[in-house]
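See below for model.txt, which holds compact mmCIF, C-alpha atoms.
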# COMPACT_ATOMS: atom_id res chain seq x y z
CA MET A 1 -63.17 2.83 46.08
CA PRO A 2 -62.05 3.76 42.55
CA SER A 3 -62.24 7.30 41.24
CA ILE A 4 -64.19 8.29 38.14
CA LYS A 5 -60.95 9.24 36.41
CA ARG A 6 -59.38 5.85 37.06
CA GLU A 7 -62.55 4.02 36.06
CA VAL A 8 -62.78 5.95 32.79
CA TYR A 9 -59.12 5.15 32.04
CA LYS A 10 -59.73 1.47 32.73
CA LEU A 11 -62.81 1.34 30.54
CA LEU A 12 -61.06 3.25 27.76
CA GLY A 13 -58.02 0.98 28.00
CA GLY A 14 -60.16 -2.13 27.77
CA PHE A 15 -62.16 -0.66 24.92
CA ILE A 16 -58.99 0.29 23.02
CA VAL A 17 -57.47 -3.20 23.47
CA LEU A 18 -60.67 -4.79 22.21
CA LEU A 19 -60.75 -2.29 19.34
CA ILE A 20 -57.17 -3.12 18.33
CA LEU A 21 -57.84 -6.86 18.52
CA LEU A 22 -60.98 -6.43 16.44
CA PHE A 23 -59.12 -4.26 13.95
CA ALA A 24 -56.27 -6.79 13.68
CA SER A 25 -58.75 -9.64 13.20
CA LEU A 26 -60.59 -7.73 10.52
CA MET A 27 -57.32 -6.88 8.78
CA PHE A 28 -56.27 -10.54 8.85
CA LEU A 29 -59.62 -11.63 7.47
CA ASN A 30 -59.54 -8.86 4.91
CA VAL A 31 -56.05 -9.88 3.71
CA LYS A 32 -56.98 -13.52 3.59
CA TYR A 33 -60.26 -12.81 1.84
CA GLY A 34 -58.53 -10.31 -0.47
CA ILE A 35 -55.96 -12.87 -1.57
CA SER A 36 -58.66 -15.44 -2.24
CA THR A 37 -60.81 -12.88 -4.09
CA ASP A 38 -57.86 -11.65 -6.13
CA THR A 39 -56.92 -15.20 -7.09
CA GLU A 40 -60.52 -16.04 -7.92
CA ASN A 41 -60.77 -12.98 -10.13
CA MET A 42 -57.51 -13.95 -11.87
CA LEU A 43 -58.80 -17.45 -12.64
CA VAL A 44 -62.16 -16.16 -13.81
CA TYR A 45 -60.40 -13.61 -15.96
CA GLN A 46 -58.26 -16.34 -17.52
CA GLY A 47 -61.38 -18.37 -18.24
CA ALA A 48 -63.08 -15.33 -19.78
CA LEU A 49 -60.08 -14.77 -22.08
CA LEU A 50 -60.23 -18.38 -23.26
CA GLU A 51 -63.97 -18.10 -23.78
CA GLN A 52 -63.53 -14.91 -25.81
CA SER A 53 -60.85 -16.56 -27.97
CA TYR A 54 -63.03 -19.65 -28.48
CA HIS A 55 -65.99 -17.56 -29.65
CA SER A 56 -63.73 -15.62 -32.01
CA THR A 57 -61.85 -18.54 -33.59
CA GLY A 58 -64.15 -21.47 -32.91
CA SER A 59 -61.37 -23.32 -31.06
CA LEU A 60 -59.42 -23.00 -27.85
CA PRO A 61 -55.98 -21.43 -28.09
CA ALA A 62 -52.88 -23.06 -26.79
CA LEU A 63 -53.53 -23.58 -23.12
CA VAL A 64 -51.40 -21.89 -20.48
CA ASN A 65 -49.16 -24.10 -18.46
CA SER A 66 -46.82 -22.40 -16.01
CA GLU A 67 -45.80 -22.68 -12.37
CA ILE A 68 -48.32 -20.02 -11.34
CA LEU A 69 -51.21 -20.54 -13.74
CA SER A 70 -52.17 -23.64 -15.73
CA VAL A 71 -55.25 -24.56 -17.75
CA TYR A 72 -56.27 -28.16 -18.54
CA LYS A 73 -58.99 -29.68 -20.71
CA GLU A 74 -59.20 -32.96 -18.85
CA VAL A 75 -58.79 -33.98 -15.23
CA GLU A 76 -56.37 -36.67 -16.41
CA ASP A 77 -54.04 -33.93 -17.68
CA ILE A 78 -53.82 -32.30 -14.25
CA PRO A 79 -50.80 -33.28 -12.12
CA SER A 80 -51.72 -36.30 -10.08
CA TYR A 81 -51.32 -34.71 -6.63
CA ILE A 82 -53.70 -31.87 -7.62
CA ALA A 83 -56.12 -34.18 -9.40
CA ALA A 84 -56.34 -36.32 -6.29
CA GLY A 85 -56.52 -33.34 -3.95
CA PHE A 86 -59.88 -31.98 -5.16
CA SER A 87 -63.28 -33.52 -5.79
CA TRP A 88 -63.70 -32.34 -9.38
CA PRO A 89 -67.10 -33.87 -10.23
CA GLU A 90 -68.76 -32.19 -7.20
CA MET A 91 -66.98 -28.84 -7.74
CA GLU A 92 -69.30 -25.98 -8.69
CA VAL A 93 -68.60 -24.05 -11.86
CA ALA A 94 -66.66 -20.76 -11.45
CA SER A 95 -66.26 -21.46 -7.73
CA LEU A 96 -62.79 -21.17 -6.21
CA GLU A 97 -61.45 -23.92 -3.98
CA GLU A 98 -58.09 -23.88 -2.23
CA LYS A 99 -56.00 -26.12 0.00
CA PRO A 100 -52.35 -26.88 0.86
CA LEU A 101 -50.96 -29.98 -0.86
CA TYR A 102 -47.66 -31.77 -1.34
CA ASP A 103 -46.35 -32.46 -4.85
CA ASP A 104 -44.80 -35.72 -5.99
CA SER A 105 -41.38 -34.57 -4.72
CA GLY A 106 -42.75 -33.81 -1.25
CA ASN A 107 -42.63 -30.02 -1.60
CA ALA A 108 -45.35 -28.00 0.13
CA ARG A 109 -47.58 -26.09 -2.28
CA TYR A 110 -50.72 -24.02 -1.89
CA VAL A 111 -53.16 -24.72 -4.72
CA TYR A 112 -56.17 -22.78 -6.03
CA ALA A 113 -58.51 -24.70 -8.37
CA MET A 114 -61.55 -23.73 -10.46
CA LYS A 115 -63.82 -25.56 -12.90
CA TYR A 116 -64.86 -23.14 -15.64
CA ALA A 117 -67.57 -23.66 -18.28
CA ILE A 118 -67.25 -22.07 -21.75
CA LYS A 119 -70.46 -21.49 -23.67
CA GLY A 120 -70.59 -23.67 -26.79
CA LEU A 121 -68.03 -26.11 -25.40
CA ASN A 122 -69.64 -29.28 -24.14
CA ARG A 123 -67.03 -29.86 -21.45
CA PRO A 124 -65.51 -27.65 -18.74
CA ILE A 125 -61.91 -26.59 -18.49
CA TYR A 126 -59.82 -26.66 -15.33
CA ILE A 127 -57.80 -23.66 -14.19
CA ILE A 128 -55.07 -24.19 -11.59
CA SER A 129 -52.90 -21.69 -9.69
CA SER A 130 -50.13 -23.21 -7.59
CA TYR A 131 -47.55 -21.61 -5.30
CA ASP A 132 -44.43 -23.02 -3.70
CA ASP A 133 -44.89 -22.29 0.03
CA ASP A 134 -41.18 -22.37 0.86
CA LEU A 135 -40.24 -20.03 -1.99
CA GLU A 136 -43.07 -17.63 -1.16
CA LYS A 137 -42.06 -17.47 2.50
CA LYS A 138 -38.44 -16.94 1.54
CA ILE A 139 -39.34 -14.01 -0.69
CA GLN A 140 -41.77 -12.64 1.87
CA TYR A 141 -39.14 -12.58 4.65
CA GLU A 142 -36.26 -11.08 2.70
CA ALA A 143 -34.60 -8.23 4.58
CA SER A 144 -35.88 -5.41 2.36
CA ILE A 145 -39.44 -6.66 2.41
CA ARG A 146 -39.31 -7.34 6.15
CA GLU A 147 -37.86 -3.93 6.91
CA GLY A 148 -40.47 -2.25 4.74
CA ASN A 149 -43.25 -4.16 6.47
CA LEU A 150 -41.84 -3.34 9.92
CA LEU A 151 -41.60 0.31 8.96
CA TYR A 152 -45.22 0.41 7.86
CA ILE A 153 -46.28 -1.50 10.95
CA GLY A 154 -44.34 0.89 13.21
CA VAL A 155 -45.84 3.94 11.51
CA GLY A 156 -49.29 2.44 11.79
CA ILE A 157 -48.89 1.60 15.48
CA SER A 158 -47.48 5.07 16.18
CA MET A 159 -50.46 6.69 14.49
CA ILE A 160 -52.87 4.50 16.44
CA ILE A 161 -51.18 5.32 19.77
CA PHE A 162 -51.08 9.03 18.95
CA THR A 163 -54.76 8.97 17.99
CA ILE A 164 -55.66 7.15 21.20
CA LEU A 165 -53.68 9.57 23.39
CA LEU A 166 -55.24 12.53 21.61
CA PHE A 167 -58.67 11.02 22.06
CA VAL A 168 -58.07 10.40 25.79
CA LYS A 169 -56.78 13.96 26.21
CA VAL A 170 -59.84 15.41 24.52
CA LEU A 171 -62.13 13.10 26.49
CA TYR A 172 -60.48 14.13 29.75
CA TRP A 173 -60.73 17.82 28.88
CA ARG A 174 -64.35 17.51 27.81
CA LEU A 175 -65.69 15.14 30.47
CA LEU A 176 -63.39 14.59 33.43
CA SER A 177 -62.05 18.11 33.86
CA PRO A 178 -65.46 19.61 34.77
CA VAL A 179 -66.11 16.70 37.16
CA GLU A 180 -62.75 17.27 38.90
CA THR A 181 -63.53 20.99 39.11
CA LEU A 182 -66.81 20.21 40.85
CA PHE A 183 -65.10 17.67 43.12
CA ASP A 184 -62.44 20.18 44.20
CA TRP A 185 -65.14 22.71 45.05
CA VAL A 186 -67.19 20.12 46.97
CA ASN A 187 -64.16 19.43 49.18
CA SER A 188 -64.11 23.06 50.29
CA LEU A 189 -67.79 24.05 49.76
CA ASP A 190 -66.75 27.69 49.61
CA GLU A 191 -69.83 29.44 48.31
CA ASP A 192 -67.83 32.50 47.26
CA ASN A 193 -65.50 30.38 45.08
CA ALA A 194 -68.15 28.22 43.43
CA PRO A 195 -67.21 27.15 39.86
CA SER A 196 -68.88 29.05 37.04
CA ARG A 197 -71.34 27.49 34.61
CA LYS A 198 -68.75 27.84 31.86
CA ARG A 199 -66.19 25.74 33.77
CA LEU A 200 -68.73 23.02 34.57
CA LYS A 201 -69.89 22.95 30.91
CA TYR A 202 -72.67 20.37 31.33
CA ILE A 203 -76.18 21.11 32.52
CA GLU A 204 -76.21 18.11 34.91
CA LEU A 205 -73.09 19.35 36.73
CA VAL A 206 -74.46 22.91 36.79
CA HIS A 207 -77.71 21.71 38.37
CA LEU A 208 -75.77 19.62 40.88
CA ALA A 209 -73.61 22.60 41.85
CA GLU A 210 -76.70 24.82 42.21
CA GLU A 211 -78.38 22.21 44.39
CA LEU A 212 -75.28 21.94 46.58
CA LYS A 213 -75.16 25.72 46.95
CA ASN A 214 -78.85 25.84 47.90
CA ASN A 215 -78.41 23.07 50.46
CA LEU A 216 -75.31 24.78 51.83
CA ARG A 217 -77.19 28.04 52.15
CA LYS A 218 -80.11 26.31 53.91
CA GLN A 219 -77.73 24.53 56.26
CA LYS A 220 -76.01 27.77 57.19
CA GLU A 221 -79.37 29.44 57.80
CA PHE A 222 -80.43 26.53 60.00
CA ILE A 223 -77.20 26.65 61.99
CA ASP A 224 -77.56 30.42 62.42
CA ARG A 225 -81.15 30.02 63.60
CA GLU A 226 -80.10 27.24 65.92
CA GLY A 227 -77.29 29.31 67.42
CA PHE A 228 -79.57 32.33 67.74
CA PHE A 229 -82.20 30.24 69.49
CA LEU A 230 -79.71 28.79 71.97
CA ARG A 231 -78.13 32.15 72.73
CA THR A 232 -81.50 33.88 73.06
CA ILE A 233 -83.11 31.30 75.29
CA SER A 234 -79.99 31.16 77.45
CA HIS A 235 -79.90 34.93 77.94
CA GLU A 236 -83.66 35.16 78.43
CA LEU A 237 -83.56 32.53 81.16
CA ARG A 238 -80.95 34.38 83.14
CA THR A 239 -83.32 37.03 84.47
CA PRO A 240 -86.07 34.71 85.79
CA ILE A 241 -83.43 32.38 87.20
CA ALA A 242 -81.79 35.26 89.03
CA ILE A 243 -85.15 36.38 90.46
CA ILE A 244 -86.11 32.88 91.59
CA SER A 245 -82.63 32.30 93.03
CA THR A 246 -82.70 35.55 95.00
CA SER A 247 -86.19 34.82 96.32
CA GLY A 248 -85.17 31.31 97.33
CA GLU A 249 -82.10 32.57 99.17
CA LEU A 250 -84.33 35.10 100.97
CA LEU A 251 -86.71 32.34 102.05
CA GLU A 252 -83.77 30.30 103.33
CA ARG A 253 -82.48 33.24 105.41
CA MET A 254 -85.94 33.67 106.92
CA SER A 255 -85.40 30.24 108.54
CA LEU A 256 -88.96 29.08 108.13
CA ARG A 257 -89.88 26.43 110.67
CA ASP A 258 -92.62 24.89 108.54
CA ALA A 259 -91.29 21.59 107.12
CA VAL A 260 -93.54 21.83 104.06
CA ALA A 261 -92.27 25.33 103.27
CA GLN A 262 -88.71 24.19 103.81
CA ARG A 263 -89.14 21.30 101.35
CA ALA A 264 -90.67 23.67 98.84
CA THR A 265 -87.76 26.07 99.27
CA ASP A 266 -85.27 23.23 98.82
CA ARG A 267 -87.00 22.14 95.62
CA ILE A 268 -86.97 25.72 94.33
CA MET A 269 -83.23 26.03 94.96
CA TYR A 270 -82.58 22.62 93.41
CA ALA A 271 -84.54 23.61 90.29
CA VAL A 272 -82.66 26.91 90.13
CA ASP A 273 -79.32 25.10 90.26
CA ASN A 274 -80.44 22.79 87.46
CA MET A 275 -81.57 25.73 85.36
CA LYS A 276 -78.24 27.48 85.90
CA THR A 277 -76.46 24.34 84.72
CA LEU A 278 -78.79 24.15 81.70
CA VAL A 279 -78.13 27.77 80.75
CA GLN A 280 -74.37 27.33 81.11
CA THR A 281 -74.40 24.23 78.91
CA LEU A 282 -76.65 25.81 76.28
CA LEU A 283 -74.37 28.82 76.05
CA TRP A 284 -71.35 26.55 75.67
CA ILE A 285 -73.06 24.61 72.86
CA SER A 286 -74.19 27.75 71.04
CA ARG A 287 -70.74 29.32 71.15
CA LYS A 288 -69.06 26.13 69.87
CA SER A 289 -66.07 27.02 71.99
CA ASP A 290 -62.96 24.88 71.89
CA SER A 291 -62.33 25.48 75.59
CA PRO A 292 -63.52 22.48 77.62
CA LEU A 293 -66.13 22.64 80.37
CA PRO A 294 -64.98 22.31 84.00
CA VAL A 295 -64.57 18.70 85.12
CA THR A 296 -65.54 17.17 88.44
CA GLU A 297 -66.00 13.69 89.87
CA ILE A 298 -69.51 12.33 89.32
CA ASP A 299 -71.18 9.33 90.97
CA ILE A 300 -73.41 7.99 88.21
CA ASN A 301 -75.35 5.74 90.57
CA ALA A 302 -76.18 8.60 92.95
CA MET A 303 -77.05 10.99 90.09
CA ILE A 304 -79.55 8.56 88.52
CA HIS A 305 -81.18 7.86 91.90
CA GLU A 306 -81.50 11.60 92.48
CA LEU A 307 -82.94 12.24 89.00
CA VAL A 308 -85.48 9.44 89.41
CA GLU A 309 -86.63 10.87 92.74
CA ASP A 310 -86.88 14.39 91.31
CA ASN A 311 -89.01 13.21 88.36
CA LYS A 312 -91.24 10.68 90.13
CA TYR A 313 -94.07 13.19 90.05
CA LEU A 314 -94.35 12.41 86.31
CA SER A 315 -95.41 8.85 87.24
CA GLN A 316 -98.47 9.89 89.26
CA ASP A 317 -101.63 7.99 88.32
CA LYS A 318 -99.49 5.48 86.39
CA ASP A 319 -98.60 1.91 87.23
CA ILE A 320 -94.81 2.30 86.85
CA GLU A 321 -92.00 0.50 88.65
CA PHE A 322 -88.31 1.46 88.75
CA ASP A 323 -85.56 -1.15 88.63
CA LEU A 324 -82.34 0.47 89.89
CA ASP A 325 -80.64 -2.74 91.05
CA LYS A 326 -78.51 -3.03 87.91
CA LEU A 327 -76.71 0.25 88.54
CA ALA A 328 -73.06 -0.44 89.29
CA ALA A 329 -72.02 0.83 92.69
CA GLY A 330 -69.01 3.10 92.72
CA ASP A 331 -69.19 3.85 88.99
CA MET A 332 -67.36 7.19 89.05
CA LEU A 333 -66.92 9.50 86.09
CA HIS A 334 -64.62 12.50 85.64
CA ASP A 335 -66.52 14.88 83.41
CA ASN A 336 -68.57 18.07 83.37
CA TYR A 337 -71.39 17.77 85.87
CA GLY A 338 -73.86 19.87 83.89
CA ALA A 339 -73.39 18.03 80.60
CA VAL A 340 -73.75 14.58 82.19
CA GLN A 341 -76.73 15.69 84.28
CA LEU A 342 -78.55 17.21 81.29
CA VAL A 343 -78.10 14.04 79.24
CA LEU A 344 -79.29 11.72 82.00
CA MET A 345 -82.07 14.08 83.13
CA ASN A 346 -83.64 14.20 79.65
CA LEU A 347 -83.38 10.45 79.22
CA VAL A 348 -84.92 9.80 82.66
CA ARG A 349 -87.71 12.33 82.10
CA ASN A 350 -88.60 10.89 78.72
CA ALA A 351 -88.58 7.33 80.02
CA ILE A 352 -90.95 8.22 82.89
CA GLN A 353 -93.15 10.66 80.99
CA TYR A 354 -93.90 8.35 78.07
CA THR A 355 -94.29 5.10 79.99
CA HIS A 356 -97.89 4.34 80.99
CA ASP A 357 -97.31 1.09 82.83
CA GLY A 358 -94.55 -1.41 83.36
CA CYS A 359 -91.01 -1.39 84.69
CA ILE A 360 -88.30 1.08 83.74
CA THR A 361 -84.86 -0.52 84.02
CA PHE A 362 -81.68 1.46 84.67
CA GLU A 363 -78.26 -0.12 84.04
CA SER A 364 -74.74 1.24 84.29
CA PHE A 365 -71.32 -0.26 83.75
CA SER A 366 -67.95 1.38 83.01
CA SER A 367 -69.45 4.84 82.52
CA THR A 368 -72.13 3.51 80.15
CA VAL A 369 -75.79 3.99 81.08
CA THR A 370 -78.73 2.13 79.53
CA ILE A 371 -82.36 3.04 80.23
CA THR A 372 -85.06 0.67 78.97
CA ASN A 373 -88.74 1.59 79.18
CA PRO A 374 -91.86 -0.17 77.83
CA VAL A 375 -94.07 1.38 75.15
CA ASP A 376 -97.46 0.49 73.72
CA ASP A 377 -97.69 -1.73 70.68
CA ASP A 378 -99.74 0.70 68.61
CA ASN A 379 -97.66 3.26 66.75
CA SER A 380 -94.68 2.77 69.07
CA ASP A 381 -92.27 4.27 66.55
CA GLN A 382 -94.28 7.46 66.23
CA LYS A 383 -94.65 7.75 70.00
CA VAL A 384 -90.95 7.29 70.57
CA GLU A 385 -90.12 9.87 67.91
CA SER A 386 -92.50 12.44 69.38
CA SER A 387 -91.42 11.75 72.96
CA TYR A 388 -87.82 12.64 72.21
CA GLY A 389 -88.45 16.20 71.01
CA ILE A 390 -86.31 18.95 72.59
CA GLY A 391 -84.98 16.35 75.03
CA LEU A 392 -83.46 14.25 72.29
CA TYR A 393 -82.20 17.40 70.57
CA LEU A 394 -80.29 18.46 73.69
CA VAL A 395 -78.97 14.94 74.28
CA GLU A 396 -77.68 14.67 70.71
CA LYS A 397 -76.13 18.15 70.78
CA ILE A 398 -74.37 17.56 74.09
CA CYS A 399 -73.14 14.10 73.05
CA GLU A 400 -71.85 15.51 69.78
CA ALA A 401 -70.05 18.38 71.52
CA GLN A 402 -68.60 16.15 74.26
CA ASN A 403 -67.89 13.12 72.02
CA TYR A 404 -70.24 10.87 73.96
CA ARG A 405 -71.65 7.84 72.16
CA PHE A 406 -75.45 7.89 72.15
CA GLU A 407 -77.83 5.36 70.65
CA ILE A 408 -81.58 4.87 70.88
CA MET A 409 -83.31 1.74 69.59
CA THR A 410 -86.94 0.63 69.38
CA GLU A 411 -87.30 -3.05 70.10
CA THR A 412 -90.41 -5.17 70.67
CA ASN A 413 -92.61 -3.07 72.99
CA THR A 414 -89.55 -1.35 74.45
CA VAL A 415 -87.30 1.64 73.86
CA LYS A 416 -83.65 1.34 74.84
CA ALA A 417 -81.47 4.44 75.18
CA THR A 418 -77.72 3.95 75.70
CA VAL A 419 -75.14 6.63 76.34
CA SER A 420 -71.44 6.02 76.89
CA PHE A 421 -69.53 8.83 78.54
CA THR A 422 -66.15 7.32 77.68
CA ARG A 423 -64.29 8.96 74.80
Just give me the structure as structure tokens.
Amino acid sequence: MPSIKREVYKLLGGFIVLLILLFASLMFLNVKYGISTDTENMLVYQGALLEQSYHSTGSLPALVNSEILSVYKEVEDIPSYIAAGFSWPEMEVASLEEKPLYDDSGNARYVYAMKYAIKGLNRPIYIISSYDDDLEKKIQYEASIREGNLLYIGVGISMIIFTILLFVKVLYWRLLSPVETLFDWVNSLDEDNAPSRKRLKYIELVHLAEELKNNLRKQKEFIDREGFFLRTISHELRTPIAIISTSGELLERMSLRDAVAQRATDRIMYAVDNMKTLVQTLLWISRKSDSPLPVTEIDINAMIHELVEDNKYLSQDKDIEFDLDKLAAGDMLHDNYGAVQLVLMNLVRNAIQYTHDGCITFESFSSTVTITNPVDDDNSDQKVESSYGIGLYLVEKICEAQNYRFEIMTETNTVKATVSFTR
């Protein structure tokens, strides 16, 4: 992807090349047109002199006849190669015509011709200017003339290059320098070292920098609130968890014989263990510690079966089936138990809680778990979005912290959540 600086240089380079070509073309046309105009003026001037003399004396003076300029009264008096080279009857009066011709000796000549009308004279006169091409080129390319031309050309090119470089320097200082200043600051986003309005110069860049600072400030505030929330809820949960845990241990030591009470006690202790794991993971996320969580061997198949059993109460009064046959047996994972359990628990709970009828399918292969649950047709996107509230938030935060790959997709009447625990 090109940078602004490089793109500006490319555009300026192309513009300068086109400008030089246009300038050279205009100069060539100007020289060519200037020569023709100068020659035309010379012939008209010669005709005007003859006309002035005719009006003064009543007759034409001796006509000029030289290599460069000749005047003739009749077409028959004109050298044959020139007389045959132009269409004299159709030629407009006081209009210059020019063309290269060859004289009777085969020499190349460039000829300018004009038919000129003198008031009071019932016939036109013919004014001819002829140049020997070989002699003109020889004079033109003599050493002194050539060196002088090359000197002027070199000075001109040097001035053009200097002007272009100066223009690019000024353009860079005026336009690109503030952009690079803003770019350098964006790379660091250090609010304390934000560029001043004077350095940015332009109101658009100033507004952009202000908007970036506002967004940066809002992001920091959000992160602080998020960290405060996680730390607070984690600390606040410790006390009720400790009370419930102590009470559950007391009930276990009482060795109650009632099977119903025993199952209730087991569920209390299981919930307490899950809450302890949740608190530990939340604290780890909020601290953003670089130290890794403890790792243990996890049976994904057994964990999903256990989570489904623990959350089956959410499917009461619903026509829901569970397809666990696609779970790979012996799919073992070496990772933090709490992080993996929290991710799978939230995905399982959401799948059961927001499915009204149908079959929920669980798949696992190579430490990748996919949970697919049906949803209603009406407003399925909104329902999926609302169903993954705090659960989705925790899943995304844990996956981000642990470098898990998580993806959730809404397909036709289904929601598919996929998490890969491989890094």
Task: Exercise: Gly47 of chain A partners within 8 Å, only C-alpha atoms, chain neighbours under 6 positions left out, as a PyMOL selection string - done: chain A and resi 116+118+127
Task: Which residue of A:Leu171, A:Ala113, A:Leu29, A:Leu392 approaches Gly85 of chain A most closely, using only C-alpha atoms - done: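 Counting only C-alpha atoms, the residue closest to Gly85 of chain A is A:Ala113.
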TODO: Could you tell me how far atom CA of Thr412 of chain A lies from atom CA of Pro374 of chain A, in Å and to one decimal?
DONE: 8.9 Å
TODO: Please provide the set of residues having any atom within 9 Å of segment 11-19 of chain A, restricted to all atoms listed in the file, with same-chain residues fewer than 5 positions apart removed, written as a PyMOL selection string.
DONE: chain A and resi 6+24+164+168
Kindly export the residues of the current selection with C-alpha atoms, as a PDB file, keeping the file's coordinate frame.
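So out_0.pdb came out as:
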ATOM      1  CA  ARG A   6     -59.380   5.850  37.060  1.00  0.00           C
ATOM      2  CA  ALA A  24     -56.270  -6.790  13.680  1.00  0.00           C
ATOM      3  CA  ILE A 164     -55.660   7.150  21.200  1.00  0.00           C
ATOM      4  CA  VAL A 168     -58.070  10.400  25.790  1.00  0.00           C
TER       5      VAL A 168
END
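For the choices A:Gln353, A:Ser80, A:Ser53, A:Ser95, the atom-to-atom distance to Glu40 of chain A is smallest for A:Ser95 when using all atoms listed in the file.
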Task: 12 Å contact set for Asp273 of chain A, only C-alpha atoms, chain neighbours under 2 positions out, as a VMD selection string - done: chain A and resid 238 241 to 242 244 to 246 248 to 249 266 to 271 275 to 280 337 to 338 341 to 342
Task: Counting only C-alpha atoms, the residue of A:Ser70, A:Thr281, A:Asn311, A:Thr181 that sits nearest Lys397 of chain A - done: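 Smallest separation from Lys397 of chain A among the options: A:Thr281.
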- [ ] Take atom CA of Arg109 of chain A and atom CA of Ile78 of chain A and report the distance between them in Å, one decimal.
- [x]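 Interatomic distance, atom CA of Arg109 of chain A to atom CA of Ile78 of chain A: 14.9 Å.
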TODO: Go ahead and compute the interatomic distance for atom CA of Ile300 of chain A and atom CA of Val348 of chain A, in Å to one decimal.
DONE: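 Distance between the two atoms: 12.9 Å.
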Task: Near-Tyr202 of chain A list (10 Å; all atoms listed in the file; drop same-chain fewer than 5 positions) as a list in words - done: Arg174, Leu175, Pro178, Val179, Arg197 and His207 of chain A
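With only C-alpha atoms as the atoms that count, the minimum distance from Ile408 of chain A to the choices A:Asp323, A:Ser364, A:Asp133, A:Leu347 is reached by A:Leu347.
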Task: Near-Val111 of chain A list (7 Å; only C-alpha atoms; drop same-chain fewer than 2 positions) as a ChimeraX atom specification - done: /A:98-101,109,113,129-131
